[in-house]
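Some notes on the structure that comes next.
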Amino acid sequence: MIVVRDVSKSFGGHLVLRPTTLEFPRGRTTVLIGPSGCGKSTLLRIIVGLVSPDSGSVTIDGETLTPATALALRRRLGYVIQDGGLFPHLSGRDNVALLARQLGRDAGWIRSRVAELADLVRLPTAALDRPPGAISGGQRQRLGIMRALMLDPAVVLLDEPLGALDPLVRYDLQEDLRRIFRDLGKTVVLVTHDMGEAGFFGDDVVLLGGGAVVQRGTLDDLITAPADESVRRFIMAHRLPGVATEGGGA
Amino acid sequence: MKRTGLSVLAAVVTAIGCIPCAAAERRAERVVVGSKGFTEGIVLGEILAATARHAGLEAVHRQALGGTQIVFKALERGEIDCYVEYSGTLTAEILRDEPVASAELLAQALAARGIAVGAELGFDNTYGLAMRRDMAERLGIRTIGDLAARSADPEVADLVFGFSDEFVQRTDGWPAVKAAYGLRQVPRVLDHALAYRGIDSGSLHVTDLYATDPEPQLHDLVLLADDRRAFREYRAMILHRADLAERAPGFVTALTSLAGTIDGSRMAAMNAAVRLEGRSEAAVAVDFLRDARGWDVAVAPADGLPRLAADLVRATGQHLLLVFVSLLAAIVVGVPAGIVAERMPALGRWILGLAGIIQTIPSMAVLVFMVPLLGLGWRPAALALFLYSLLPIVRGTASGLDSIPAHLREAALALGLTPWERLRLVELPMASRSILAGIKTAAVINVGTATIGGLIGAGGYGEAILSGIRLADPTRLMEGAVPAALLALGLQGAFDLLERWLVPAGLRTPRG
């Protein structure tokens with residue numbers, strides 16, 4: 001379980017995240033959604049420790065994130081960004097195995113773990129030994145997910161992981177990711193700006209706006225009972241089938 | 001595989017570096033002769049070296065070490081055992097701040113530096129001003145005094161003076177003549193050997209020369225009489241380390257026997273044999289000793305192809321030593337400096353600024369600073385090259401690291417790598433192409449700049465280039481310039497191969 005308590009952040013005098021308290025329950029997928037600049041990515045980056053909050057605290061499975069604990073905590077998290085964030089000088093396999101090798105894991109274990117993960121994310125073995133620049137965007141993202149899962153972290157954090165992919169590739173990956181997260185029972189926090197994706201993944205959708213949580217619930221809750229006008233407009237803008245687009249109904 | 005590649009590279013560099021070191025290790029009974037960078041100095045150096053061989057010693061001639069200060073300092077520090085100096089240079093230039101009015105005082109001043117005055121060779125190589133004969137006759141100028149007296153004549157006032165740098169700088173040179181005659185012309189400064197080219201082409205009218213220069217006949221110059229005796233005497237005399245009398249008494253005796261054996265015309269004839277007939281200084285020296293003393297000394301290296309090959313191998317070894325030692329040191333210092341520069345941009349501006357300033361200092365100036373600290377030979381030259389190599393390497397490292405996308409830095413951080421692991425496993429490999437490009441630039445520049453090594457006895461291709469300039473001998477010049485150019489091209493190619501080997505495949509595929 002991840003607990004974020006009274007966390008706030010401003011950049012250059014501009015308040016990006018107002019004091020926010022949130023819990024992300026163990027074994028479930030929580031989706032952070034909202035328009036650009038709503039603070040969803042900043043919140044995720046605070047949890048990973050890439051951004052240090054101006055106030056408040058982050059606790060992951062009972063351990064509080066501090067500069068001293070950040071390194072050890074990061075190794076227990078999986079973090080996935082757009083386009084995989086793979087290092088271009090390493091093959092896919094070396095990207096996935098990088099930290100495990102640094103931690104001195106046995107070469108045989110690494111080899112079988114990579115094969116197992118490639119199977120899990122349905123990555124062709126041929127793509128493992130090529131540089132990231134020589135494979136497709138979808139394959140890069142599958143490798144990014146493998147790298148995040150390599151050491152079997154309890155928590156996986158994803159920042160717009162599928163944003164750069166074309167719709168068909170994206171559809172396949174969404175299916176695979178939901179299956180993987182359910183099967184493995186991970187605590188997942190996923191940032192997206194896409195309502196359909198949020199509903200597909202999220203047991204729990206947190207809508208942010210103007211640096212604060214506006215509404216939390218299932219996608220249905222958000223559609224049928226928007227907390228305020230901003231939620232209604234955000235949903236409307238996605239032109240979801242069956243949701244009225246102007247002036248109305250719901 | 002990458003690690004083995006680097007260690008092989010290191011081994012090769014070490015092996016190349018050891019060739020000249022090993023040669024220097026042999027330290028038998030030997031004397032080191034020095035000489036200044038002009039023909040007469042080198043001929044006299046060869047005479048001293050051949051005399052040492054005649055006395056049964058191993059002799060090394062570190063020839064054409066450059067200007068007066070460099071050679072005298074080398075003698076003072078004991079890096080060379082002897083060379084030939086001129087009386088006027090000693091009193092007016094080297095020891096000008098000390099009371100050296102008499103021969104006794106001069107000997108005392110030198111003895112305080114561990115230097116003994118040896119035999120005077122018998123000629124006075126004073127400075128002179130020379131002018132094209134046709135022009136001098138047309139204008140009716142026969143003495144330096146005429147130049148001053150006729151300065152109202154616009155044709156005389158417009159005469160172009162071209163002097164060697166040393167002549168212009170030395171208090172007993174141009175400043176003395178200018179003051180004695182009240183001359184107002186502003187001279188151009190250029191290499192002594194090149195001045196004759198200017199005279200021939202008509203762009204220069206008056207130049208400085210030495211009394212024993214062979215060029216006046218060749219270029220149809222007339223020596224202007226020094227009617228006010230502005231120039232001093234420059235009697236050639238052997239200077240040697242005082243302890244040489246104990247270390248090699250036979251050699252000192254042989255040197256003493258050279259007293260009075262070379263008069264002005266003989267010296268001029270020997271200079272002419274080298275400069276105008278293209279004979280080697282060593283051969284001229286050996287002929288002289290056979291002629292004047294009846295000694296039969298073999299010319300050390302044979303003339304012709306074997307000499308060319310031997311010289312080339314030696315020069316290549318020395319040149320590679322200079323380039324690689326300086327380059328390795330610059331990598332060891334420059335890459336970390338580049339990392340610091342990128343990490344701390346405020347400090348980085350200073351680091352890059354400093355490296356840039358170093359780059360603009362002329363190489364001769366760097367040598368003048370370094371020689372008193374490090375002596376002669378490859379060390380000061382390598383240090384100068386090291387300094388010049390820093391900028392491209394620091395800049396290549398800093399800009400390579402700077403160009404790493406922020407999201408990949410964060411990916412490395414989020415993965416849980418330590419700062420050192422991030423640098424070693426992610427950032428440096430990603431910057432490797434830019435770092436290697438900086439190293440390549442430094443190496444290629446180094447090959448060219450290493451020719452300055454010829455000025456201070458570091459050897460390398462510069463020796464042939466400098467003596468080619470000195471002797472106006474294009475063939476000799478090519479002996480240095482062509483291999484230097486080939487080496488630069490070869491290095492460029494070698495680095496391109498190295499890039500394929502060291503830069504990860506993923507960074508070489510075109511991005512997009």
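Ordering of the structure tokens sets the chain letters (A, B, ...), residue numbers begin anew at 1 in every chain, and ligands are numbered from 1 in the order given.
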Spatial neighbours of A:Leu177, max dist 12 Å, only C-alpha atoms, sep filter under 3 positions, as a PyMOL selection string: chain A and resi 29+80+120-122+141-142+144-146+149+156+158+161-162+170-174+180-186+188+190+197+200-202
Backbone DSSP call of strand (DSSP E or B) for stretch 71-146 of chain A, listed as a PyMOL selection string: chain A and resi 77-81
Neighbours of chain B in chain A at 8 Å, counting only C-alpha atoms, as a PyMOL selection string: chain A and resi 48-50+71-75+77-79+81+85-91+99+131-134+148
Top pick for closest residue to B:Gly45, considering B:Arg197, B:Arg30, B:Arg293, B:His61 and counting only C-alpha atoms: B:His61
Interatomic distance, atom CA of B:Thr449 to atom CA of B:Gln492 (Å, one decimal): 15.3 Å
Contacts of A:Val58 at 12 Å (only C-alpha atoms; same-chain gap of 4+ positions) as number ranges by chain: A: 1-8, 20-24, 43-49, 51-54, 62-67, 69-70, 73
So that I have them on file, write out the residues from the current selection with N, CA and C atoms, as a compact mmCIF listing (two decimals), in the first residue's frame.
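Result file part-v2.txt:
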```txt
# COMPACT_ATOMS: atom_id res chain seq x y z
N MET A 1 0.84 -1.21 0.00
CA MET A 1 0.00 0.00 0.00
C MET A 1 0.87 1.26 0.00
N ILE A 2 0.42 2.22 -0.82
CA ILE A 2 1.15 3.49 -0.88
C ILE A 2 0.28 4.55 -0.20
N VAL A 3 0.89 5.29 0.71
CA VAL A 3 0.16 6.38 1.37
C VAL A 3 0.86 7.70 1.09
N VAL A 4 0.10 8.63 0.51
CA VAL A 4 0.61 9.97 0.24
C VAL A 4 -0.11 10.91 1.19
N ARG A 5 0.67 11.62 2.03
CA ARG A 5 -0.01 12.43 3.05
C ARG A 5 0.42 13.90 2.94
N ASP A 6 -0.56 14.76 2.67
CA ASP A 6 -0.37 16.22 2.64
C ASP A 6 0.80 16.64 1.73
N VAL A 7 0.91 15.95 0.62
CA VAL A 7 2.04 16.25 -0.27
C VAL A 7 1.71 17.44 -1.18
N SER A 8 2.64 18.40 -1.26
CA SER A 8 2.43 19.54 -2.16
C SER A 8 3.74 19.85 -2.88
N THR A 20 -2.10 17.22 -0.80
CA THR A 20 -2.96 16.13 -1.25
C THR A 20 -2.70 14.89 -0.40
N THR A 21 -3.77 14.23 -0.01
CA THR A 21 -3.64 12.97 0.72
C THR A 21 -4.37 11.88 -0.05
N LEU A 22 -3.67 10.78 -0.33
CA LEU A 22 -4.27 9.68 -1.10
C LEU A 22 -3.72 8.36 -0.61
N GLU A 23 -4.57 7.32 -0.71
CA GLU A 23 -4.08 5.97 -0.42
C GLU A 23 -4.25 5.12 -1.67
N PHE A 24 -3.25 4.29 -1.96
CA PHE A 24 -3.36 3.38 -3.10
C PHE A 24 -3.32 1.98 -2.56
N LEU A 43 2.64 14.02 -9.12
CA LEU A 43 2.34 13.16 -7.97
C LEU A 43 3.05 11.81 -8.12
N LEU A 44 3.01 11.26 -9.34
CA LEU A 44 3.66 9.97 -9.58
C LEU A 44 5.18 10.07 -9.38
N ARG A 45 5.73 11.19 -9.89
CA ARG A 45 7.18 11.37 -9.78
C ARG A 45 7.62 11.60 -8.33
N ILE A 46 6.71 12.15 -7.54
CA ILE A 46 7.02 12.29 -6.11
C ILE A 46 7.08 10.91 -5.46
N ILE A 47 6.16 10.01 -5.87
CA ILE A 47 6.15 8.66 -5.29
C ILE A 47 7.43 7.90 -5.65
N VAL A 48 7.91 8.11 -6.89
CA VAL A 48 9.14 7.42 -7.31
C VAL A 48 10.37 8.07 -6.67
N GLY A 49 10.20 9.32 -6.21
CA GLY A 49 11.36 10.01 -5.63
C GLY A 49 12.16 10.78 -6.65
N VAL A 51 11.02 13.62 -7.81
CA VAL A 51 10.74 15.00 -7.41
C VAL A 51 10.52 14.96 -5.91
N SER A 52 11.18 15.88 -5.20
CA SER A 52 10.93 15.86 -3.75
C SER A 52 9.85 16.89 -3.41
N PRO A 53 8.87 16.47 -2.62
CA PRO A 53 7.74 17.36 -2.33
C PRO A 53 8.16 18.50 -1.40
N ASP A 54 7.43 19.62 -1.50
CA ASP A 54 7.71 20.75 -0.59
C ASP A 54 7.23 20.44 0.82
N GLY A 62 4.76 0.75 4.31
CA GLY A 62 5.20 1.02 5.68
C GLY A 62 6.51 1.75 5.79
N GLU A 63 7.21 1.91 4.68
CA GLU A 63 8.51 2.58 4.77
C GLU A 63 8.42 3.98 4.16
N THR A 64 8.86 4.97 4.91
CA THR A 64 8.74 6.36 4.46
C THR A 64 9.88 6.70 3.50
N LEU A 65 9.48 7.40 2.43
CA LEU A 65 10.46 7.80 1.41
C LEU A 65 11.26 9.00 1.90
N THR A 66 12.58 8.84 2.02
CA THR A 66 13.48 9.95 2.38
C THR A 66 14.68 9.82 1.44
N PRO A 67 15.54 10.86 1.39
CA PRO A 67 16.73 10.73 0.55
C PRO A 67 17.54 9.48 0.90
N THR A 69 16.34 6.58 2.10
CA THR A 69 15.69 5.31 1.75
C THR A 69 15.36 5.23 0.26
N ALA A 70 15.54 6.35 -0.47
CA ALA A 70 15.06 6.43 -1.86
C ALA A 70 15.64 5.31 -2.72
N LEU A 73 14.16 1.93 -1.90
CA LEU A 73 12.74 1.89 -2.27
C LEU A 73 12.56 1.78 -3.78
```
DSSP helix (DSSP H, G or I) residues within stretch 204-355 of chain B, listed as number ranges by chain: B: 215-218, 244-247, 249-256, 264-275, 281-293, 305-343, 345-355
Surrounding residues of stretch 377-382 of chain B excluding itself and chain neighbours under 4 positions, 6 Å, only C-alpha atoms, as a ChimeraX atom specification: /B:322,326,370-371,386,453,456-458
Those same residues - N, CA, C and O atoms - I'd like them written as a PDB file, in the first residue's frame.
```pdb
ATOM      1  N   LEU B 322      55.198  11.262 -27.924  1.00  0.00           N
ATOM      2  CA  LEU B 322      54.666  12.578 -27.567  1.00  0.00           C
ATOM      3  C   LEU B 322      53.144  12.583 -27.646  1.00  0.00           C
ATOM      4  O   LEU B 322      52.452  13.025 -26.723  1.00  0.00           O
ATOM      5  N   SER B 326      50.805  12.414 -24.089  1.00  0.00           N
ATOM      6  CA  SER B 326      50.022  13.614 -23.804  1.00  0.00           C
ATOM      7  C   SER B 326      48.533  13.309 -23.906  1.00  0.00           C
ATOM      8  O   SER B 326      47.733  13.789 -23.090  1.00  0.00           O
ATOM      9  N   MET B 370      57.869  25.829 -19.886  1.00  0.00           N
ATOM     10  CA  MET B 370      58.047  24.456 -19.431  1.00  0.00           C
ATOM     11  C   MET B 370      59.514  24.045 -19.326  1.00  0.00           C
ATOM     12  O   MET B 370      59.868  23.277 -18.447  1.00  0.00           O
ATOM     13  N   VAL B 371      60.345  24.527 -20.253  1.00  0.00           N
ATOM     14  CA  VAL B 371      61.722  24.039 -20.284  1.00  0.00           C
ATOM     15  C   VAL B 371      62.469  24.314 -18.974  1.00  0.00           C
ATOM     16  O   VAL B 371      63.132  23.417 -18.450  1.00  0.00           O
ATOM     17  N   PHE B 386      49.660  17.992 -23.889  1.00  0.00           N
ATOM     18  CA  PHE B 386      48.617  17.635 -22.929  1.00  0.00           C
ATOM     19  C   PHE B 386      47.676  18.814 -22.706  1.00  0.00           C
ATOM     20  O   PHE B 386      46.456  18.686 -22.744  1.00  0.00           O
ATOM     21  N   GLY B 453      58.124  19.686 -30.902  1.00  0.00           N
ATOM     22  CA  GLY B 453      59.096  18.925 -30.124  1.00  0.00           C
ATOM     23  C   GLY B 453      60.505  19.064 -30.701  1.00  0.00           C
ATOM     24  O   GLY B 453      61.497  18.993 -29.978  1.00  0.00           O
ATOM     25  N   ILE B 456      62.980  21.514 -28.955  1.00  0.00           N
ATOM     26  CA  ILE B 456      63.560  21.360 -27.624  1.00  0.00           C
ATOM     27  C   ILE B 456      64.095  19.956 -27.417  1.00  0.00           C
ATOM     28  O   ILE B 456      64.148  19.457 -26.307  1.00  0.00           O
ATOM     29  N   GLY B 457      64.483  19.335 -28.508  1.00  0.00           N
ATOM     30  CA  GLY B 457      65.164  18.052 -28.374  1.00  0.00           C
ATOM     31  C   GLY B 457      64.257  16.895 -28.062  1.00  0.00           C
ATOM     32  O   GLY B 457      64.717  15.861 -27.595  1.00  0.00           O
ATOM     33  N   ALA B 458      62.946  17.051 -28.319  1.00  0.00           N
ATOM     34  CA  ALA B 458      62.048  15.930 -28.090  1.00  0.00           C
ATOM     35  C   ALA B 458      62.005  15.024 -29.312  1.00  0.00           C
ATOM     36  O   ALA B 458      61.404  13.966 -29.271  1.00  0.00           O
TER      37      ALA B 458
END
```
Contacts of B:Leu204 at 12 Å (only C-alpha atoms; same-chain gap of 2+ positions) as a list of chain:residue names: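 Result of the neighbour search: B:Ala130, B:Met131, B:Arg132, B:Met135, B:Asp158, B:Leu159, B:Val160, B:Phe161, B:Gly162, B:Phe163, B:Pro187, B:Arg188, B:Val189, B:Leu190, B:Leu194, B:Ala195, B:Tyr196, B:Arg197, B:Gly198, B:Ile199, B:Asp200, B:Ser201, B:Gly202, B:Val206, B:Thr207, B:Asp208, B:Leu221.
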